[in-house]
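Raw contents of data.tsv, TSV, C-alpha atoms:
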chain	number	residue	atom	x	y	z
A	1	MET	CA	28.12	12.75	-12.27
A	2	GLU	CA	28.83	9.17	-13.31
A	3	ASP	CA	26.23	7.94	-10.83
A	4	LEU	CA	23.57	9.97	-12.59
A	5	LYS	CA	24.47	8.43	-15.94
A	6	MET	CA	23.64	5.01	-14.48
A	7	LEU	CA	20.08	6.25	-13.80
A	8	GLU	CA	19.53	7.49	-17.34
A	9	PRO	CA	18.17	4.17	-18.73
A	10	LEU	CA	15.73	4.04	-15.84
A	11	PHE	CA	14.28	7.43	-16.69
A	12	GLN	CA	13.94	6.41	-20.32
A	13	ASN	CA	11.73	3.45	-19.38
A	14	SER	CA	8.09	4.32	-20.11
A	15	LEU	CA	6.79	2.29	-17.15
A	16	PHE	CA	9.04	4.21	-14.76
A	17	GLN	CA	7.94	7.48	-16.38
A	18	PHE	CA	4.29	6.53	-15.86
A	19	PHE	CA	4.80	5.79	-12.15
A	20	LEU	CA	6.79	9.01	-11.77
A	21	TYR	CA	4.00	10.91	-13.51
A	22	MET	CA	1.44	9.32	-11.19
A	23	ALA	CA	3.56	10.13	-8.11
A	24	LEU	CA	3.83	13.78	-9.08
A	25	ILE	CA	0.07	14.06	-9.57
A	26	GLN	CA	-0.37	12.23	-6.25
A	27	LEU	CA	1.79	14.81	-4.44
A	28	LEU	CA	-0.14	17.64	-6.01
A	29	ALA	CA	-3.51	16.07	-5.16
A	30	GLN	CA	-2.49	15.43	-1.54
A	31	VAL	CA	-2.05	19.14	-1.01
A	32	PHE	CA	-5.77	19.67	-1.52
A	33	LEU	CA	-7.39	16.30	-0.79
A	34	ASP	CA	-7.39	13.35	1.60
A	35	ARG	CA	-4.63	10.79	1.02
A	36	ARG	CA	-6.92	7.98	-0.17
A	37	VAL	CA	-8.94	10.19	-2.48
A	38	ALA	CA	-5.74	11.71	-3.82
A	39	PHE	CA	-4.40	8.26	-4.74
A	40	TRP	CA	-7.43	7.41	-6.85
A	41	ILE	CA	-7.59	10.81	-8.49
A	42	ALA	CA	-3.88	10.64	-9.29
A	43	SER	CA	-4.15	7.09	-10.62
A	44	VAL	CA	-7.12	7.72	-12.87
A	45	SER	CA	-5.92	11.11	-14.09
A	46	ALA	CA	-2.41	9.81	-14.80
A	47	THR	CA	-3.91	6.92	-16.77
A	48	VAL	CA	-6.23	9.18	-18.79
A	49	LEU	CA	-3.53	11.75	-19.49
A	50	TRP	CA	-1.04	9.05	-20.46
A	51	LEU	CA	-3.53	7.39	-22.81
A	52	ARG	CA	-4.15	10.69	-24.60
A	53	SER	CA	-0.47	11.36	-25.20
A	54	PHE	CA	1.41	8.07	-25.23
A	55	ASP	CA	1.00	4.33	-25.80
A	56	PRO	CA	-1.91	2.45	-24.17
A	57	LEU	CA	0.19	-0.56	-23.13
A	58	THR	CA	2.16	1.21	-20.40
A	59	PRO	CA	-0.82	2.00	-18.11
A	60	LEU	CA	-2.02	-1.57	-18.55
A	61	LYS	CA	1.36	-2.90	-17.36
A	62	ALA	CA	1.36	-0.40	-14.49
A	63	TRP	CA	-2.12	-1.40	-13.33
A	64	LEU	CA	-1.16	-5.08	-13.47
A	65	ILE	CA	1.80	-4.31	-11.20
A	66	VAL	CA	-0.46	-2.37	-8.82
A	67	LEU	CA	-3.00	-5.22	-8.76
A	68	PHE	CA	-0.26	-7.78	-8.15
A	69	ILE	CA	1.09	-5.82	-5.18
A	70	PHE	CA	-2.43	-5.30	-3.86
A	71	SER	CA	-3.11	-9.05	-4.14
A	72	LEU	CA	0.04	-9.75	-2.10
A	73	TYR	CA	-1.65	-7.85	0.70
A	74	LEU	CA	-5.25	-8.94	0.19
A	75	ILE	CA	-4.92	-12.72	-0.32
A	76	PRO	CA	-3.16	-13.46	3.01
A	77	ARG	CA	-5.59	-11.17	4.78
A	78	LEU	CA	-8.71	-12.83	3.38
A	79	LEU	CA	-7.55	-16.44	3.47
A	80	PHE	CA	-5.46	-16.53	6.64
A	81	HIS	CA	-6.60	-13.40	8.54
A	82	PHE	CA	-3.02	-12.18	8.38
A	83	ASN	CA	-2.25	-8.47	8.01
A	84	ILE	CA	1.25	-8.01	6.61
A	85	PHE	CA	1.46	-4.35	7.63
A	86	LEU	CA	0.60	-5.12	11.25
A	87	TYR	CA	3.17	-7.92	11.21
A	88	LEU	CA	5.89	-5.61	9.92
A	89	LYS	CA	5.07	-3.10	12.67
A	90	GLY	CA	5.04	-5.83	15.36
A	91	LYS	CA	1.41	-5.16	16.22
A	92	LYS	CA	-1.93	-6.97	16.44
A	93	ARG	CA	-5.47	-5.64	16.35
A	94	CYS	CA	-7.76	-5.64	19.38
A	95	PRO	CA	-11.12	-7.28	18.56
A	96	GLU	CA	-13.03	-4.88	20.85
A	97	CYS	CA	-11.77	-1.41	19.98
A	98	TYR	CA	-9.78	-2.26	16.80
A	99	SER	CA	-6.72	-0.38	18.04
A	100	GLU	CA	-3.22	-1.56	17.24
A	101	VAL	CA	-1.40	-2.99	20.25
A	102	HIS	CA	1.99	-4.66	20.68
A	103	TRP	CA	1.90	-8.28	19.56
A	104	ARG	CA	2.90	-9.53	23.02
A	105	ALA	CA	0.22	-7.56	24.87
A	106	LYS	CA	-2.07	-9.62	27.08
A	107	VAL	CA	-4.45	-6.73	27.80
A	108	CYS	CA	-5.46	-3.91	25.44
A	109	PRO	CA	-4.27	-0.62	26.95
A	110	PHE	CA	-7.26	1.25	25.50
A	111	CYS	CA	-10.32	-0.92	26.27
A	112	LYS	CA	-8.79	-3.42	28.74
A	113	HIS	CA	-9.78	-6.42	26.59
A	114	ARG	CA	-7.95	-9.59	27.68
A	115	PHE	CA	-6.41	-11.58	24.86
A	116	LYS	CA	-6.81	-15.36	25.10
A	117	GLY	CA	-3.17	-16.02	24.33
A	118	VAL	CA	-0.25	-14.26	22.81
A	119	GLU	CA	-1.04	-14.24	19.11
A	120	LYS	CA	1.55	-13.85	16.43
A	121	ALA	CA	2.15	-10.36	15.14
A	122	GLY	CA	-0.13	-9.37	12.28
A	123	GLU	CA	-2.90	-11.86	13.00
A	124	GLU	CA	-6.39	-10.46	12.91
A	125	ILE	CA	-8.40	-11.62	15.90
A	126	SER	CA	-11.96	-12.57	15.03
A	127	LYS	CA	-14.75	-12.79	17.55

Render the structure in this file as structure tokens.
Amino acid sequence: MEDLKMLEPLFQNSLFQFFLYMALIQLLAQVFLDRRVAFWIASVSATVLWLRSFDPLTPLKAWLIVLFIFSLYLIPRLLFHFNIFLYLKGKKRCPECYSEVHWRAKVCPFCKHRFKGVEKAGEEISK
């Protein structure tokens, strides 16, 4: 029971409540919709519902956090052709069939494309 008392200040934080609210709407939307569509519907509806009932500063902070995390993914991908999610999975993308293959693969198991060298994991191969 003492462990739960440590979490009480977290649940009183309005930013945490907003993300929890958005996650619950996301779960509900995923039952009926595609995952990507459900994310946007949950995000927009949570923002609109929060603005009607609570302070307008919390969704602004939440969207800045979301944009910051999204930029951590997008900037390395655009500038350096580096996909962080492929790197974390130990994969690379085949330039022919766009399938994910092991980062040490010399030949794509799906389309038989020969890689020029063993690229680092997560690097996008451009033609």

d(atom CA of Tyr98 of chain A, atom CA of Phe115 of chain A) in Å: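 Going from atom CA of Tyr98 of chain A over to atom CA of Phe115 of chain A covers 12.8 Å.
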
List the spatial neighbours of segment 35-47 of chain A as a list in words - criterion: any atom at most 7 Å away, only C-alpha atoms, same-chain residues fewer than 4 positions off excluded. Tyr21, Met22, Ile25, Gln26, Ala29, Gln30, Leu51 and Pro59 of chain A

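Taking only C-alpha atoms into account, Glu100 of chain A lies nearest to A:Leu86 out of the set A:Val31, A:Phe16, A:Lys112, A:Leu86.
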
Test item: axis-aligned box, all listed atoms of segment 73-85 of chain A, 3 Å on each side, centre and edges in Å rounded to one decimal, as lines of an AutoDock Vina configuration file:
center_x = -3.6
center_y = -10.4
center_z = 4.1
size_x = 16.2
size_y = 18.2
size_z = 14.9

One residue among A:Tyr87, A:Arg114, A:Phe82, A:Ile69 is nearest to His102 of chain A when using all atoms listed in the file, and that residue is A:Tyr87

Excluding Leu15 of chain A and its own-chain neighbours fewer than 6 positions away, which residues fall within 8 Å of it when counting all atoms listed in the file? Please give them as a count of residues only. 4

Correct to one decimal, the distance atom CA of Leu49 of chain A-atom CA of Leu24 of chain A is 12.9 Å
